[in-house]
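Below is the file input.pdb, which contains PDB, C-alpha atoms.
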ATOM      1  CA  MET A1368     -50.475  21.375  22.528  1.00  0.00           C
ATOM      2  CA  GLY A1369     -51.643  20.056  19.159  1.00  0.00           C
ATOM      3  CA  GLU A1370     -48.136  20.429  17.677  1.00  0.00           C
ATOM      4  CA  THR A1371     -46.656  18.489  20.611  1.00  0.00           C
ATOM      5  CA  LYS A1372     -49.072  15.590  20.028  1.00  0.00           C
ATOM      6  CA  ILE A1373     -48.177  15.554  16.332  1.00  0.00           C
ATOM      7  CA  GLN A1374     -44.449  15.468  17.148  1.00  0.00           C
ATOM      8  CA  VAL A1375     -44.932  12.625  19.665  1.00  0.00           C
ATOM      9  CA  SER A1376     -47.054  10.718  17.154  1.00  0.00           C
ATOM     10  CA  THR A1377     -44.434  11.203  14.419  1.00  0.00           C
ATOM     11  CA  ARG A1378     -41.654   9.950  16.689  1.00  0.00           C
ATOM     12  CA  ALA A1379     -43.723   6.914  17.665  1.00  0.00           C
ATOM     13  CA  LYS A1380     -44.330   6.059  14.011  1.00  0.00           C
ATOM     14  CA  THR A1381     -40.633   6.476  13.245  1.00  0.00           C
ATOM     15  CA  LYS A1382     -39.731   4.049  16.025  1.00  0.00           C
ATOM     16  CA  LYS A1383     -42.321   1.545  14.799  1.00  0.00           C
ATOM     17  CA  ASN A1384     -41.002   1.784  11.247  1.00  0.00           C
ATOM     18  CA  LYS A1385     -37.467   0.867  12.289  1.00  0.00           C
ATOM     19  CA  VAL A1386     -36.568  -2.601  11.068  1.00  0.00           C
ATOM     20  CA  ASN A1387     -34.754  -5.004  13.372  1.00  0.00           C
ATOM     21  CA  GLN A1388     -31.314  -5.421  11.820  1.00  0.00           C
ATOM     22  CA  ILE A1389     -30.170  -8.322  14.013  1.00  0.00           C
ATOM     23  CA  PRO A1390     -31.561 -11.125  11.782  1.00  0.00           C
ATOM     24  CA  PHE A1391     -29.887  -9.554   8.751  1.00  0.00           C
ATOM     25  CA  GLY A1392     -26.599  -9.339  10.667  1.00  0.00           C
ATOM     26  CA  VAL A1393     -26.803 -12.973  11.751  1.00  0.00           C
ATOM     27  CA  ALA A1394     -27.638 -14.083   8.190  1.00  0.00           C
ATOM     28  CA  LEU A1395     -24.708 -12.048   6.829  1.00  0.00           C
ATOM     29  CA  LEU A1396     -22.335 -13.539   9.402  1.00  0.00           C
ATOM     30  CA  ILE A1397     -23.430 -17.057   8.470  1.00  0.00           C
ATOM     31  CA  ALA A1398     -22.950 -16.240   4.765  1.00  0.00           C
ATOM     32  CA  ILE A1399     -19.458 -14.838   5.419  1.00  0.00           C
ATOM     33  CA  VAL A1400     -18.414 -17.920   7.396  1.00  0.00           C
ATOM     34  CA  GLY A1401     -19.944 -20.172   4.727  1.00  0.00           C
ATOM     35  CA  VAL A1402     -18.031 -18.483   1.928  1.00  0.00           C
ATOM     36  CA  GLY A1403     -14.864 -18.740   4.021  1.00  0.00           C
ATOM     37  CA  PHE A1404     -15.272 -22.509   4.472  1.00  0.00           C
ATOM     38  CA  PHE A1405     -16.068 -22.937   0.763  1.00  0.00           C
ATOM     39  CA  ALA A1406     -12.969 -20.928  -0.188  1.00  0.00           C
ATOM     40  CA  ALA A1407     -10.841 -22.963   2.240  1.00  0.00           C
ATOM     41  CA  ASN A1408     -11.927 -26.172   0.538  1.00  0.00           C
ATOM     42  CA  GLN A1409     -10.979 -24.766  -2.860  1.00  0.00           C
ATOM     43  CA  ALA A1410      -7.731 -23.043  -1.879  1.00  0.00           C
ATOM     44  CA  PRO A1411      -6.450 -22.166   1.619  1.00  0.00           C
ATOM     45  CA  LYS A1412      -4.896 -18.964   0.284  1.00  0.00           C
ATOM     46  CA  ALA A1413      -8.297 -17.793  -0.967  1.00  0.00           C
ATOM     47  CA  ALA A1414      -9.772 -18.276   2.515  1.00  0.00           C
ATOM     48  CA  ILE A1415      -6.988 -16.176   4.052  1.00  0.00           C
ATOM     49  CA  MET A1416      -7.558 -13.421   1.485  1.00  0.00           C
ATOM     50  CA  TRP A1417     -11.315 -13.572   2.154  1.00  0.00           C
ATOM     51  CA  THR A1418     -10.751 -13.242   5.913  1.00  0.00           C
ATOM     52  CA  PHE A1419      -8.429 -10.281   5.517  1.00  0.00           C
ATOM     53  CA  GLY A1420     -10.841  -8.664   3.034  1.00  0.00           C
ATOM     54  CA  VAL A1421     -13.797  -8.948   5.412  1.00  0.00           C
ATOM     55  CA  ALA A1422     -11.715  -7.647   8.318  1.00  0.00           C
ATOM     56  CA  LEU A1423     -10.454  -4.722   6.244  1.00  0.00           C
ATOM     57  CA  GLY A1424     -13.970  -3.877   5.051  1.00  0.00           C
ATOM     58  CA  TYR A1425     -15.308  -3.932   8.612  1.00  0.00           C
ATOM     59  CA  THR A1426     -12.440  -1.727   9.792  1.00  0.00           C
ATOM     60  CA  LEU A1427     -12.997   0.769   6.973  1.00  0.00           C
ATOM     61  CA  GLN A1428     -16.733   0.956   7.671  1.00  0.00           C
ATOM     62  CA  ARG A1429     -16.423   1.395  11.423  1.00  0.00           C
ATOM     63  CA  SER A1430     -13.563   3.883  11.251  1.00  0.00           C
ATOM     64  CA  ARG A1431     -15.019   5.814   8.258  1.00  0.00           C
ATOM     65  CA  PHE A1432     -11.497   5.700   6.836  1.00  0.00           C
ATOM     66  CA  CYS A1433     -11.330   7.486   3.485  1.00  0.00           C
ATOM     67  CA  PHE A1434      -8.464   9.131   1.615  1.00  0.00           C
ATOM     68  CA  THR A1435     -10.866  11.628   0.046  1.00  0.00           C
ATOM     69  CA  ALA A1436     -12.192  12.766   3.408  1.00  0.00           C
ATOM     70  CA  SER A1437      -8.636  13.092   4.738  1.00  0.00           C
ATOM     71  CA  MET A1438      -7.939  15.738   2.082  1.00  0.00           C
ATOM     72  CA  ARG A1439     -11.440  17.260   1.913  1.00  0.00           C
ATOM     73  CA  ASP A1440     -12.386  17.584   5.591  1.00  0.00           C
ATOM     74  CA  PRO A1441      -9.606  20.024   6.573  1.00  0.00           C
ATOM     75  CA  VAL A1442     -10.890  22.435   3.894  1.00  0.00           C
ATOM     76  CA  LEU A1443     -14.636  21.959   4.389  1.00  0.00           C
ATOM     77  CA  THR A1444     -15.007  21.248   8.118  1.00  0.00           C
ATOM     78  CA  GLY A1445     -11.584  21.877   9.622  1.00  0.00           C
ATOM     79  CA  SER A1446     -11.374  18.306  10.957  1.00  0.00           C
ATOM     80  CA  THR A1447      -8.013  16.591  10.543  1.00  0.00           C
ATOM     81  CA  SER A1448      -8.692  13.322  12.383  1.00  0.00           C
ATOM     82  CA  LEU A1449      -8.825  11.316   9.145  1.00  0.00           C
ATOM     83  CA  THR A1450      -5.821  13.207   7.799  1.00  0.00           C
ATOM     84  CA  LYS A1451      -3.781  12.077  10.791  1.00  0.00           C
ATOM     85  CA  ALA A1452      -5.138   8.538  10.424  1.00  0.00           C
ATOM     86  CA  VAL A1453      -3.954   8.412   6.798  1.00  0.00           C
ATOM     87  CA  ILE A1454      -0.505   9.701   7.817  1.00  0.00           C
ATOM     88  CA  ILE A1455      -0.242   6.963  10.461  1.00  0.00           C
ATOM     89  CA  ALA A1456      -1.382   4.370   7.893  1.00  0.00           C
ATOM     90  CA  ILE A1457       1.292   5.522   5.419  1.00  0.00           C
ATOM     91  CA  ALA A1458       3.958   5.411   8.150  1.00  0.00           C
ATOM     92  CA  THR A1459       2.884   1.889   9.135  1.00  0.00           C
ATOM     93  CA  ALA A1460       2.909   0.755   5.495  1.00  0.00           C
ATOM     94  CA  THR A1461       6.356   2.308   5.057  1.00  0.00           C
ATOM     95  CA  ILE A1462       7.717   0.204   7.914  1.00  0.00           C
ATOM     96  CA  GLY A1463       6.268  -2.970   6.431  1.00  0.00           C
ATOM     97  CA  PHE A1464       7.303  -2.359   2.837  1.00  0.00           C
ATOM     98  CA  ALA A1465      10.758  -1.090   3.822  1.00  0.00           C
ATOM     99  CA  SER A1466      11.362  -4.246   5.881  1.00  0.00           C
ATOM    100  CA  ILE A1467      10.367  -6.508   2.980  1.00  0.00           C
ATOM    101  CA  GLN A1468      12.350  -4.551   0.403  1.00  0.00           C
ATOM    102  CA  TYR A1469      15.453  -4.190   2.570  1.00  0.00           C
ATOM    103  CA  SER A1470      15.482  -7.934   3.284  1.00  0.00           C
ATOM    104  CA  ALA A1471      15.333  -8.591  -0.463  1.00  0.00           C
ATOM    105  CA  PHE A1472      18.012  -5.935  -1.057  1.00  0.00           C
ATOM    106  CA  LEU A1473      20.424  -7.707   1.297  1.00  0.00           C
ATOM    107  CA  LYS A1474      19.976 -10.948  -0.668  1.00  0.00           C
ATOM    108  CA  ASP A1475      20.083  -9.452  -4.172  1.00  0.00           C
ATOM    109  CA  PRO A1476      20.283  -5.646  -4.716  1.00  0.00           C
ATOM    110  CA  SER A1477      19.119  -6.048  -8.313  1.00  0.00           C
ATOM    111  CA  LYS A1478      15.776  -7.603  -7.308  1.00  0.00           C
ATOM    112  CA  ILE A1479      13.660  -5.280  -5.171  1.00  0.00           C
ATOM    113  CA  PRO A1480      10.007  -6.360  -4.788  1.00  0.00           C
ATOM    114  CA  GLY A1481       7.258  -3.824  -5.300  1.00  0.00           C
ATOM    115  CA  ASN A1482       5.937  -1.702  -8.130  1.00  0.00           C
ATOM    116  CA  ILE A1483       8.681   0.894  -8.626  1.00  0.00           C
ATOM    117  CA  SER A1484       7.127   3.002 -11.369  1.00  0.00           C
ATOM    118  CA  PRO A1485       8.473   5.826 -13.549  1.00  0.00           C
ATOM    119  CA  VAL A1486       7.736   9.328 -12.255  1.00  0.00           C
ATOM    120  CA  GLY A1487       7.004  12.209 -14.597  1.00  0.00           C
ATOM    121  CA  ILE A1488       4.414  14.699 -15.778  1.00  0.00           C
ATOM    122  CA  HIS A1489       1.967  11.816 -16.242  1.00  0.00           C
ATOM    123  CA  THR A1490       2.113  11.206 -12.468  1.00  0.00           C
ATOM    124  CA  ALA A1491       1.133  14.810 -11.700  1.00  0.00           C
ATOM    125  CA  ILE A1492      -1.622  14.865 -14.327  1.00  0.00           C
ATOM    126  CA  GLY A1493      -3.070  11.572 -13.121  1.00  0.00           C
ATOM    127  CA  ALA A1494      -2.931  12.635  -9.473  1.00  0.00           C
ATOM    128  CA  ILE A1495      -4.714  15.933 -10.164  1.00  0.00           C
ATOM    129  CA  MET A1496      -7.412  14.282 -12.286  1.00  0.00           C
ATOM    130  CA  PHE A1497      -8.003  11.539  -9.739  1.00  0.00           C
ATOM    131  CA  GLY A1498      -8.035  14.042  -6.865  1.00  0.00           C
ATOM    132  CA  ILE A1499     -10.674  16.202  -8.552  1.00  0.00           C
ATOM    133  CA  GLY A1500     -12.712  13.143  -9.506  1.00  0.00           C
ATOM    134  CA  MET A1501     -12.742  11.543  -6.078  1.00  0.00           C
ATOM    135  CA  VAL A1502     -13.794  14.795  -4.381  1.00  0.00           C
ATOM    136  CA  ILE A1503     -16.666  15.272  -6.843  1.00  0.00           C
ATOM    137  CA  ALA A1504     -17.652  11.590  -6.491  1.00  0.00           C
ATOM    138  CA  GLY A1505     -17.492  11.829  -2.701  1.00  0.00           C
ATOM    139  CA  GLY A1506     -15.080   8.961  -2.186  1.00  0.00           C
ATOM    140  CA  CYS A1507     -11.891   7.232  -3.237  1.00  0.00           C
ATOM    141  CA  ALA A1508     -11.826   3.568  -4.239  1.00  0.00           C
ATOM    142  CA  SER A1509     -12.078   2.220  -0.697  1.00  0.00           C
ATOM    143  CA  GLY A1510     -14.615   4.856   0.382  1.00  0.00           C
ATOM    144  CA  THR A1511     -16.792   4.210  -2.669  1.00  0.00           C
ATOM    145  CA  LEU A1512     -16.842   0.440  -2.095  1.00  0.00           C
ATOM    146  CA  MET A1513     -17.618   0.948   1.574  1.00  0.00           C
ATOM    147  CA  ARG A1514     -20.566   3.262   0.875  1.00  0.00           C
ATOM    148  CA  VAL A1515     -21.886   0.992  -1.879  1.00  0.00           C
ATOM    149  CA  GLY A1516     -22.094  -1.729   0.756  1.00  0.00           C
ATOM    150  CA  GLU A1517     -23.953   0.671   3.044  1.00  0.00           C
ATOM    151  CA  GLY A1518     -26.556   1.334   0.343  1.00  0.00           C
ATOM    152  CA  PHE A1519     -25.631   4.864  -0.776  1.00  0.00           C
ATOM    153  CA  MET A1520     -27.151   4.962  -4.255  1.00  0.00           C
ATOM    154  CA  MET A1521     -25.052   7.919  -5.449  1.00  0.00           C
ATOM    155  CA  GLN A1522     -21.957   5.806  -4.830  1.00  0.00           C
ATOM    156  CA  TRP A1523     -23.408   3.100  -7.083  1.00  0.00           C
ATOM    157  CA  LEU A1524     -23.157   5.596  -9.929  1.00  0.00           C
ATOM    158  CA  SER A1525     -19.598   6.469  -8.894  1.00  0.00           C
ATOM    159  CA  LEU A1526     -18.686   2.775  -8.876  1.00  0.00           C
ATOM    160  CA  VAL A1527     -20.097   2.257 -12.379  1.00  0.00           C
ATOM    161  CA  PHE A1528     -18.014   5.093 -13.818  1.00  0.00           C
ATOM    162  CA  PHE A1529     -15.044   4.014 -11.699  1.00  0.00           C
ATOM    163  CA  ILE A1530     -15.174   0.657 -13.506  1.00  0.00           C
ATOM    164  CA  ILE A1531     -15.691   2.308 -16.912  1.00  0.00           C
ATOM    165  CA  GLY A1532     -12.743   4.632 -16.335  1.00  0.00           C
ATOM    166  CA  SER A1533     -10.530   1.751 -15.185  1.00  0.00           C
ATOM    167  CA  LEU A1534     -11.395  -0.311 -18.261  1.00  0.00           C
ATOM    168  CA  TRP A1535     -10.801   2.689 -20.513  1.00  0.00           C
ATOM    169  CA  GLY A1536      -7.471   3.345 -18.846  1.00  0.00           C
ATOM    170  CA  ALA A1537      -6.429  -0.301 -19.170  1.00  0.00           C
ATOM    171  CA  HIS A1538      -7.404  -0.249 -22.854  1.00  0.00           C
ATOM    172  CA  ASP A1539      -5.253   2.816 -23.607  1.00  0.00           C
ATOM    173  CA  PHE A1540      -2.442   2.078 -21.150  1.00  0.00           C
ATOM    174  CA  GLY A1541      -0.224   0.636 -23.869  1.00  0.00           C
ATOM    175  CA  TRP A1542      -0.284   3.935 -25.788  1.00  0.00           C
ATOM    176  CA  TRP A1543       0.461   5.991 -22.668  1.00  0.00           C
ATOM    177  CA  SER A1544       3.254   3.618 -21.678  1.00  0.00           C
ATOM    178  CA  LYS A1545       4.879   3.736 -25.112  1.00  0.00           C
ATOM    179  CA  ASN A1546       4.608   7.491 -25.717  1.00  0.00           C
ATOM    180  CA  LEU A1547       5.005   8.960 -22.248  1.00  0.00           C
ATOM    181  CA  ILE A1548       5.628   6.651 -19.280  1.00  0.00           C
ATOM    182  CA  SER A1549       8.487   4.686 -20.873  1.00  0.00           C
ATOM    183  CA  LYS A1550      10.357   7.943 -21.528  1.00  0.00           C
ATOM    184  CA  THR A1551      10.669   8.692 -17.805  1.00  0.00           C
ATOM    185  CA  LYS A1552      12.798   6.901 -15.224  1.00  0.00           C
ATOM    186  CA  PRO A1553      11.662   4.957 -12.137  1.00  0.00           C
ATOM    187  CA  VAL A1554      12.558   6.655  -8.865  1.00  0.00           C
ATOM    188  CA  PHE A1555      13.428   4.525  -5.840  1.00  0.00           C
ATOM    189  CA  LEU A1556      14.592   6.793  -3.024  1.00  0.00           C
ATOM    190  CA  PRO A1557      16.771   4.206  -1.222  1.00  0.00           C
ATOM    191  CA  LYS A1558      18.668   3.722  -4.484  1.00  0.00           C
ATOM    192  CA  VAL A1559      19.046   7.480  -5.029  1.00  0.00           C
ATOM    193  CA  LEU A1560      19.703   8.595  -1.440  1.00  0.00           C
ATOM    194  CA  GLY A1561      20.588   5.414   0.382  1.00  0.00           C
ATOM    195  CA  TRP A1562      18.346   3.530   2.816  1.00  0.00           C
ATOM    196  CA  PRO A1563      19.014   5.551   6.016  1.00  0.00           C
ATOM    197  CA  LEU A1564      18.548   8.974   4.402  1.00  0.00           C
ATOM    198  CA  ALA A1565      15.511   7.868   2.350  1.00  0.00           C
ATOM    199  CA  LEU A1566      13.705   6.522   5.429  1.00  0.00           C
ATOM    200  CA  LEU A1567      14.731   9.549   7.490  1.00  0.00           C
ATOM    201  CA  ILE A1568      13.248  11.929   4.896  1.00  0.00           C
ATOM    202  CA  GLN A1569      10.094   9.804   4.547  1.00  0.00           C
ATOM    203  CA  PHE A1570       9.343   9.653   8.270  1.00  0.00           C
ATOM    204  CA  GLY A1571      10.493  13.233   8.779  1.00  0.00           C
ATOM    205  CA  LEU A1572       8.026  14.566   6.201  1.00  0.00           C
ATOM    206  CA  LEU A1573       5.206  12.431   7.616  1.00  0.00           C
ATOM    207  CA  PHE A1574       5.991  13.686  11.125  1.00  0.00           C
ATOM    208  CA  VAL A1575       5.969  17.333  10.021  1.00  0.00           C
ATOM    209  CA  ILE A1576       2.684  16.882   8.118  1.00  0.00           C
ATOM    210  CA  TYR A1577       1.153  15.180  11.175  1.00  0.00           C
ATOM    211  CA  ILE A1578       2.196  18.050  13.471  1.00  0.00           C
ATOM    212  CA  VAL A1579       0.793  20.646  11.044  1.00  0.00           C
ATOM    213  CA  ALA A1580      -2.469  18.685  10.677  1.00  0.00           C
ATOM    214  CA  ASP A1581      -2.838  18.381  14.450  1.00  0.00           C
ATOM    215  CA  TRP A1582      -2.171  22.091  14.931  1.00  0.00           C
ATOM    216  CA  TYR A1583      -4.620  23.046  12.183  1.00  0.00           C
ATOM    217  CA  GLY A1584      -7.358  20.770  13.551  1.00  0.00           C
ATOM    218  CA  ASN A1585      -7.002  22.116  17.102  1.00  0.00           C
ATOM    219  CA  LYS A1586      -7.027  25.677  15.753  1.00  0.00           C
ATOM    220  CA  LYS A1587     -10.289  25.096  13.885  1.00  0.00           C
ATOM    221  CA  ILE A1588     -11.910  23.497  16.949  1.00  0.00           C
ATOM    222  CA  ASN A1589     -11.018  26.487  19.133  1.00  0.00           C
ATOM    223  CA  GLU A1590     -12.261  29.095  16.656  1.00  0.00           C
TER     224      GLU A1590
END
Would you mind writing the structure in this file as structure tokens?
Amino acid sequence: MGETKIQVSTRAKTKKNKVNQIPFGVALLIAIVGVGFFAANQAPKAAIMWTFGVALGYTLQRSRFCFTASMRDPVLTGSTSLTKAVIIAIATATIGFASIQYSAFLKDPSKIPGNISPVGIHTAIGAIMFGIGMVIAGGCASGTLMRVGEGFMMQWLSLVFFIIGSLWGAHDFGWWSKNLISKTKPVFLPKVLGWPLALLIQFGLLFVIYIVADWYGNKKINE
């Protein structure tokens, strides 16, 4: 009986200690709109970028979208919902980028927009290092920024070293570019395979990965 009273008392105190978040939300909304109007007065393009940035941040926070979790969750928890979300996002981005690039290709095949970078051993090394780092840190770039906004103090530390690493990488990029990256060739699949085959392979691989992820997630749920 005494333990029950203590539990009820603890719950009551917890409820009383909860802070009403509505005023903070209203103040934040006013600040966001205010910054948007200020940006619009300075440059309309800045206001559009601000609007898209806020919308993207809200979407990331509500959906818990994170590239790290999409690779980590299948191993740790068996969940593949974020994995499938990332696959859909890549497929959607492929449609958009392919449309823009193909339109430019029809006008001038020598001028394809986008960052078509050289691919080599440096790509594999960088991918492995970044993959290990983001799993240890508990978030990729977007996930880290999202959790910093939510007040996760451990992510503040990740953000600090994220910035330090980026500055370090930018400082030494010239050396890497001269001694390693410049010695490899850019790979643009539509140029190598042709547009139809390149897109077919891209969407085919994404479809197969999605099916495997869905099967694996359902298997883990039923175990």
### Query
Near region 1426-1440 of chain A, within 8 Å and counting all atoms listed in the file, which residues show up once chain neighbours fewer than 2 positions away are dropped, as a PyMOL selection string?
chain A and resi 1422-1424+1442-1453+1498+1501-1502+1505-1507+1509-1510+1513
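With only C-alpha atoms as the atoms that count, the minimum distance from Phe1574 (chain A) to the choices A:Ile1492, A:Val1386, A:Ile1454, A:Leu1512 is reached by A:Ile1454.
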### Task
Find the distance between CA of Ile1389 (chain A) and CA of Leu1526 (chain A) and write it in Å to one decimal.
27.9 Å
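Distances here use all atoms listed in the file; by that measure, the residue among A:Asn1546, A:Ser1466, A:Asn1585, A:Thr1511 closest to Trp1523 (chain A) is A:Thr1511.
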### Task
Specify as a VMD selection string each residue included when the PyMOL selection byres ((chain A and resi 1556-1565) around 12) is applied to this file.
chain A and resid 1461 1465 to 1466 1468 to 1470 1472 to 1473 1476 to 1477 1479 1483 to 1484 1486 1552 to 1555 1566 to 1572
#### Entry: Distance of CA of Ala1460 (chain A) from CA of Lys1478 (chain A), expressed in Å to one decimal place
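These atoms are spaced 20.0 Å apart.
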### Task
Go through A:Pro1480, A:Thr1418, A:Lys1545, A:Gly1516 one by one, measure the shortest atom-to-atom distance of each to Ile1467 (chain A) using all atoms listed in the file, and give the residue with the smallest value.
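Result for the nearest residue to Ile1467 (chain A): A:Pro1480.
Between CA of His1489 (chain A) and CA of Trp1543 (chain A) lies a distance of 8.8 Å.
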### Task
Please work out which residues fall within 9 Å of (-12.3, 7.9, -10.3), coordinates as given in the file, with only C-alpha atoms counting, and return them as an MDAnalysis selection string.
chainID A and resid 1496:1501 1504 1506:1508 1525:1526 1528:1530 1532:1533
### Message
Using all atoms listed in the file - which residues lie no farther than 12 Å from the point (-7.0, -20.5, -1.2) in the file's frame? Write them as number ranges by chain.
### Response
A: 1402-1418
### Query
Could you write out as a PyMOL selection string the residues that the PyMOL selection byres ((chain A and resi 1488) around 12) matches in the shown file?
chain A and resi 1485-1487+1489-1495+1543+1547-1552
Go ahead and fit an axis-aligned box to every listed atom of region 1440-1455 of chain A plus 8 Å each side, and pass me the centre and edge lengths in Å, one decimal, as AutoDock Vina command-line options.
--center_x -7.6 --center_y 14.7 --center_z 8.1 --size_x 30.8 --size_y 31.5 --size_z 24.5
For region 1491-1499 of chain A, supply all heavy atoms and report the output as a compact mmCIF listing (two decimals), in the frame of the given file.
# COMPACT_ATOMS: atom_id res chain seq x y z
N ALA A 1491 1.81 13.60 -12.20
CA ALA A 1491 1.13 14.81 -11.70
C ALA A 1491 -0.25 14.97 -12.33
O ALA A 1491 -1.23 15.28 -11.65
CB ALA A 1491 2.00 16.04 -11.99
N ILE A 1492 -0.33 14.74 -13.64
CA ILE A 1492 -1.62 14.86 -14.33
C ILE A 1492 -2.63 13.86 -13.78
O ILE A 1492 -3.78 14.19 -13.48
CB ILE A 1492 -1.44 14.68 -15.85
CG1 ILE A 1492 -0.61 15.82 -16.43
CG2 ILE A 1492 -2.80 14.61 -16.55
CD1 ILE A 1492 -0.25 15.64 -17.89
N GLY A 1493 -2.19 12.61 -13.65
CA GLY A 1493 -3.07 11.57 -13.12
C GLY A 1493 -3.51 11.86 -11.70
O GLY A 1493 -4.68 11.65 -11.35
N ALA A 1494 -2.60 12.33 -10.87
CA ALA A 1494 -2.93 12.64 -9.47
C ALA A 1494 -3.96 13.76 -9.38
O ALA A 1494 -4.91 13.69 -8.59
CB ALA A 1494 -1.67 13.01 -8.71
N ILE A 1495 -3.78 14.81 -10.18
CA ILE A 1495 -4.71 15.93 -10.16
C ILE A 1495 -6.10 15.50 -10.65
O ILE A 1495 -7.13 15.82 -10.04
CB ILE A 1495 -4.18 17.09 -11.02
CG1 ILE A 1495 -2.93 17.69 -10.37
CG2 ILE A 1495 -5.25 18.17 -11.20
CD1 ILE A 1495 -2.21 18.71 -11.24
N MET A 1496 -6.13 14.75 -11.75
CA MET A 1496 -7.41 14.28 -12.29
C MET A 1496 -8.13 13.37 -11.30
O MET A 1496 -9.35 13.51 -11.07
CB MET A 1496 -7.18 13.53 -13.60
CG MET A 1496 -6.75 14.42 -14.75
SD MET A 1496 -6.41 13.48 -16.27
CE MET A 1496 -8.05 12.84 -16.62
N PHE A 1497 -7.39 12.45 -10.69
CA PHE A 1497 -8.00 11.54 -9.74
C PHE A 1497 -8.46 12.29 -8.49
O PHE A 1497 -9.52 12.00 -7.93
CB PHE A 1497 -7.03 10.42 -9.36
CG PHE A 1497 -7.65 9.37 -8.49
CD1 PHE A 1497 -8.46 8.39 -9.04
CD2 PHE A 1497 -7.43 9.35 -7.12
CE1 PHE A 1497 -9.04 7.41 -8.24
CE2 PHE A 1497 -8.01 8.38 -6.32
CZ PHE A 1497 -8.80 7.40 -6.89
N GLY A 1498 -7.66 13.26 -8.04
CA GLY A 1498 -8.04 14.04 -6.86
C GLY A 1498 -9.32 14.81 -7.08
O GLY A 1498 -10.22 14.81 -6.22
N ILE A 1499 -9.45 15.47 -8.23
CA ILE A 1499 -10.67 16.20 -8.55
C ILE A 1499 -11.86 15.24 -8.65
O ILE A 1499 -12.94 15.48 -8.10
CB ILE A 1499 -10.51 16.98 -9.86
CG1 ILE A 1499 -9.46 18.09 -9.69
CG2 ILE A 1499 -11.84 17.59 -10.31
CD1 ILE A 1499 -9.11 18.80 -10.99
